[in-house]
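Colleague: Handing you this structure, nothing more for now.
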Amino acid sequence: MTDPSPRDPSQSETSRETAVPRSSRPDAAVSGSSLPGSSRPDPGWPAPDAGTAVPGDDAPPRALVRSPLSDGEWQRLHPLTPLLRGGLFLLVIIGVIVANLRERLIELFLPAVTDLPPGVIPPDPVDYLLSNNLLLIAGGGALVVLIVVILAFRLSWRFHTFRISDDDVEVRSGVLFRTHRRAPLDRVQGVNLTRPMVARLLGLAKLEVVGAGLDSNVKLEYLSATAAETVRGDILRLASGRRLTERAAAAGASGSTVRQAADAVAAGIQGLVDGEDLSDAEPESIVHIPFGRLVASRVLSGSTLMLIALVIAIAVAASLSTVWLLFTIVPAFLAFGAYYVRAIARGLRYSIAPSPDGVRLTFGLFTTISEVVPPGRVHAIEVHQPLLWRPFGWWSIAVNRLSGRGSTDSTTDPFAAVLPIGTREDVERVLRILAPALPAEEWTSVFRDGILGPVDDDPYTITPRRARLLRPFSWRRNGAELTADALFLRRGWARRTLAIVPLARLQSIGLRQGPLARATRTATVSAHVIAGTVQTSVGALDRDAAVALFEDTADATIAAAAGDRSHRWAG
């Protein structure tokens, strides 16, 4: 097995690594596929109307679904979907029209400009059509183009269908080139709901089922906002393992009509006893970020230091020789200003709360994004504190999780920062819902020993004194600790960082030693998990202590994986 950690090719180094068996873990498999067909009998393309369909054997249990769109039959998206998905095309058409009618637009909005000499403004195409009696032909051509566009959008919508079965979420699309994508429910890493501004005005939302492989997400664009919320709840209930109980009960039950009627009556009575089901309701956030703190966190960040350094460098360069460099200050301020506005707008509607199906995270002022991350889908957690935040006691939390996006997608994961900024109390509340398996006795390793450490009786394995030159400022903080449930990696002096790796999610553990490390008898321990923003390695540890940590972590990880049942959180 090859060590995925980055290495310096100029150094020769030795490494040891052990892998943890993943065959029993469903979160390590690829969840999406592009297929020309399906192993199931094809009910036809496009799908028949839901009212004429007869539920099949793979229909989800009725007790677990609440939306008519989750009945196991092929369904179509909202009729306004072509309008939103073709929005970019419409914008291009509008741009072409504006470009060709610029003279009339200038005359309408800027009449003073029309006194310019001839030739400055190009001739208006409408005048050309009128002068050559081509208006009727142009109108007919525009009508034909409009009809073709409407028919193309209609066909695209008609051939774009989806269904939610007992085991999968499937989407079929394409008129000439057909695509069939399937996401197994037991590989679902999360379900997010996005409401762009235009879609919010129309009462629509798009749903994205996050898979476990590259380019494995399955998107339902667009549904009504109410239907999207209900369908998301259905998918999470089916993915939770509850359907296995239903299936086992159905296997031992009679298929007679009398028995089905009795089950329906029993379910109704149970519903009266339990009361209204509020599992799909928006839970109350456990963290509230004041607007002033959010703005201050963006100002007191590394971006501001970069802006100040850039302005000073431009000013010094302009004063020495090149005066025109001063003009670059304005674009720099505009770029950083746009960054600040996006960052602040993203956190204005921030919400994080536990739900029956996992952690529900919502953010965004203009485009609202909401995701439910089921238990066992967080592979690493990082709590960090920049130097400028230290006087205020502010912290931030980021996670590594499977996002299911393609390898060519270079954008950052919007859900990586699960807590943009918060106090110690906020951090503790968020950590308790992100890592609910940590027992009470291990929480001292998080804050007292990990985030705020080191303390006098520090349990962490740290950089030895003989190698303090490798970590001149942070050699006391640089360390690792292993518990029965997690591996804690502590780093940094100016930027304090604590990485928490749940052992049940650990893919493998690696031990690396380069020439300098061999000379100082130190080594680097790397915990291999899903790639992301969280750094899961720590170097400059005593060699013998690192080897012991390596072996103990391998044994503890196998034990934790054998007893992990978080992927069936309702089973």
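How things are named: the first chain in the structure tokens is A, the next is B, and so on; residues count from 1 in each chain; ligands count from 1 in the order shown.
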Check region 371-501 of chain A with DSSP on the backbone and list each residue it calls alpha helix (DSSP H), as a VMD selection string.
Modeller: chain A and resid 424 to 434
Colleague: Convert the current residue selection to file output with C-alpha atoms, as a PDB file, in the first residue's frame.
Modeller:
ATOM      1  CA  ARG A 424     -15.649  27.525  23.773  1.00  0.00           C
ATOM      2  CA  GLU A 425     -19.243  26.688  24.721  1.00  0.00           C
ATOM      3  CA  ASP A 426     -20.229  26.693  21.038  1.00  0.00           C
ATOM      4  CA  VAL A 427     -17.296  24.428  20.167  1.00  0.00           C
ATOM      5  CA  GLU A 428     -18.222  21.930  22.887  1.00  0.00           C
ATOM      6  CA  ARG A 429     -21.849  21.789  21.740  1.00  0.00           C
ATOM      7  CA  VAL A 430     -20.866  21.224  18.103  1.00  0.00           C
ATOM      8  CA  LEU A 431     -18.253  18.589  18.953  1.00  0.00           C
ATOM      9  CA  ARG A 432     -20.776  16.624  20.995  1.00  0.00           C
ATOM     10  CA  ILE A 433     -23.086  16.212  17.993  1.00  0.00           C
ATOM     11  CA  LEU A 434     -20.235  15.611  15.519  1.00  0.00           C
TER      12      LEU A 434
END
Colleague: Please, which residues in region 315-398 of chain A fall within 9 Å of region 529-543 of chain A when counting only C-alpha atoms, and what is the closest atom pair and distance in Å to one decimal for each, ordered by chain then residue number, as a Markdown table?
Modeller:
| residue | atom | partner | partner_atom | distance |
| --- | --- | --- | --- | --- |
| A:His379 | CA | A:Val529 | CA | 6.3 |
| A:Ala380 | CA | A:Val534 | CA | 6.7 |
| A:Ile381 | CA | A:Val534 | CA | 6.7 |
| A:Glu382 | CA | A:Val534 | CA | 5.8 |
| A:Ala398 | CA | A:Val534 | CA | 6.9 |
Colleague: For Pro454 (chain A), which residue out of A:Leu506, A:Leu498, A:Leu402, A:Ile329 is the nearest one, using only C-alpha atoms?
Modeller: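 Among the listed residues, the smallest separation from Pro454 (chain A) belongs to A:Leu498.
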Colleague: Which residues, written as a compact mmCIF listing (two decimals) with N, CA and C atoms, in the first residue's frame, have at least one atom at most 9 Å from Asp234 (chain A), with only C-alpha atoms counted and residues fewer than 4 positions away on the same chain left out?
Modeller:
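Final output, part22.txt:
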# COMPACT_ATOMS: atom_id res chain seq x y z
N LEU A 64 -42.23 4.32 6.08
CA LEU A 64 -41.01 5.12 6.11
C LEU A 64 -41.03 6.29 5.14
N VAL A 65 -42.03 6.37 4.28
CA VAL A 65 -42.07 7.47 3.30
C VAL A 65 -43.35 8.25 3.49
N ARG A 66 -43.24 9.57 3.29
CA ARG A 66 -44.37 10.46 3.48
C ARG A 66 -44.73 11.24 2.22
N SER A 67 -43.84 11.21 1.24
CA SER A 67 -44.09 11.94 0.01
C SER A 67 -44.57 10.98 -1.08
N SER A 70 -41.96 9.37 -3.32
CA SER A 70 -41.06 8.34 -2.79
C SER A 70 -41.72 6.97 -2.77
N ILE A 164 -37.30 6.70 -6.14
CA ILE A 164 -36.71 6.32 -4.86
C ILE A 164 -37.26 4.94 -4.52
N GLU A 229 -38.04 18.90 1.01
CA GLU A 229 -37.82 18.60 2.42
C GLU A 229 -38.37 17.22 2.78
N THR A 230 -39.55 16.90 2.28
CA THR A 230 -40.16 15.61 2.60
C THR A 230 -39.39 14.47 1.98
N LEU A 238 -34.88 5.84 4.90
CA LEU A 238 -34.57 4.59 4.21
C LEU A 238 -33.10 4.22 4.35
N ALA A 239 -32.22 5.23 4.41
CA ALA A 239 -30.79 4.97 4.55
C ALA A 239 -30.38 4.63 5.97
Colleague: Quick one: residues within 9 Å of Lys219 (chain A), only C-alpha atoms counted, chain neighbours fewer than 5 positions away excluded, as a list of chain:residue names?
Modeller: A:Val171, A:Lys206, A:Leu207, A:Glu208, A:Val209, A:Val210
Colleague: Tell me, as a ChimeraX atom specification, which residues lie within 9 Å of region 346-352 of chain A, counting only C-alpha atoms; anything in the same chain fewer than 4 positions away does not count.
Modeller: /A:283-291,294,341-342,359-368,370,418-420,430
Colleague: Which value, in Å to one decimal, gives the distance between CA of Thr497 (chain A) and CA of Glu551 (chain A)?
Modeller: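 CA of Glu551 (chain A) lies at a distance of 24.3 Å from CA of Thr497 (chain A).
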Colleague: List the neighbours of Gln189 (chain A) out to 9 Å using only C-alpha atoms; skip same-chain residues closer than 4 positions along the sequence, and give me the result as an MDAnalysis selection string.
Modeller: chainID A and resid 27 209:212 372:378 401:404
Colleague: Keeping only N, CA and C atoms, take the residues you just selected and write them out as a short mmCIF file (atom, residue, chain, number, x, y, z; two decimals), in the first residue's frame.
Modeller:
data_model
loop_
_atom_site.label_atom_id
_atom_site.label_comp_id
_atom_site.auth_asym_id
_atom_site.auth_seq_id
_atom_site.Cartn_x
_atom_site.Cartn_y
_atom_site.Cartn_z
N ASP A 27 -19.35 2.89 4.11
CA ASP A 27 -19.03 4.25 3.72
C ASP A 27 -17.76 4.33 2.89
N VAL A 209 -28.14 14.06 -3.42
CA VAL A 209 -27.79 12.91 -2.59
C VAL A 209 -26.28 12.70 -2.72
N VAL A 210 -25.56 12.86 -1.62
CA VAL A 210 -24.11 12.79 -1.62
C VAL A 210 -23.68 11.34 -1.52
N GLY A 211 -22.90 10.90 -2.52
CA GLY A 211 -22.41 9.53 -2.54
C GLY A 211 -21.02 9.40 -1.96
N ALA A 212 -20.47 8.20 -2.05
CA ALA A 212 -19.19 7.91 -1.42
C ALA A 212 -18.03 7.82 -2.40
N VAL A 372 -28.08 17.44 5.66
CA VAL A 372 -28.12 16.56 6.82
C VAL A 372 -27.02 15.52 6.64
N VAL A 373 -26.05 15.53 7.54
CA VAL A 373 -24.94 14.57 7.51
C VAL A 373 -25.27 13.45 8.49
N PRO A 374 -25.56 12.23 7.99
CA PRO A 374 -25.92 11.13 8.89
C PRO A 374 -24.77 10.76 9.82
N PRO A 375 -25.07 10.06 10.90
CA PRO A 375 -24.01 9.63 11.82
C PRO A 375 -23.00 8.72 11.10
N GLY A 376 -21.75 8.83 11.53
CA GLY A 376 -20.71 8.00 10.96
C GLY A 376 -20.16 8.47 9.65
N ARG A 377 -20.56 9.66 9.19
CA ARG A 377 -20.08 10.16 7.90
C ARG A 377 -18.99 11.21 8.06
N VAL A 378 -18.64 11.59 9.27
CA VAL A 378 -17.57 12.54 9.52
C VAL A 378 -16.29 11.76 9.79
N ARG A 401 -15.12 14.98 5.08
CA ARG A 401 -16.22 14.07 4.79
C ARG A 401 -16.26 13.79 3.30
N LEU A 402 -16.91 12.73 2.91
CA LEU A 402 -17.07 12.43 1.50
C LEU A 402 -18.07 13.41 0.89
N SER A 403 -17.68 14.06 -0.18
CA SER A 403 -18.56 15.03 -0.84
C SER A 403 -19.15 14.52 -2.13
N GLY A 404 -18.60 13.42 -2.70
CA GLY A 404 -19.15 12.84 -3.90
C GLY A 404 -18.98 13.66 -5.15
#
Colleague: Hey, what's within 12 Å of Ala548 (chain A) if we count only C-alpha atoms and toss same-chain stuff fewer than 3 positions away? As a PyMOL selection string, please?
Modeller: chain A and resi 461+480-482+511+523+525+541-545+551-555
Colleague: Hey, which of A:Arg518, A:Arg195, A:Arg181, A:Arg200 ends up closest to Val218 (chain A)? Count only C-alpha atoms.
Modeller: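 Closest residue, counting only C-alpha atoms: A:Arg181.
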Colleague: Using only C-alpha atoms, can you tell me which of A:Ser165, A:Gln385, A:Asn132, A:Ser445 comes closest to Arg62 (chain A)?
Modeller: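 So, comparing all the options, the nearest one is A:Ser165.
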Colleague: So how far away is CA of Gly358 (chain A) from CA of Phe415 (chain A), in Å?
Modeller: 14.1 Å
Colleague: Please report the interatomic distance between CA of Pro436 (chain A) and CA of Asp166 (chain A) in Å with one decimal.
Modeller: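 So the answer is 28.3 Å.
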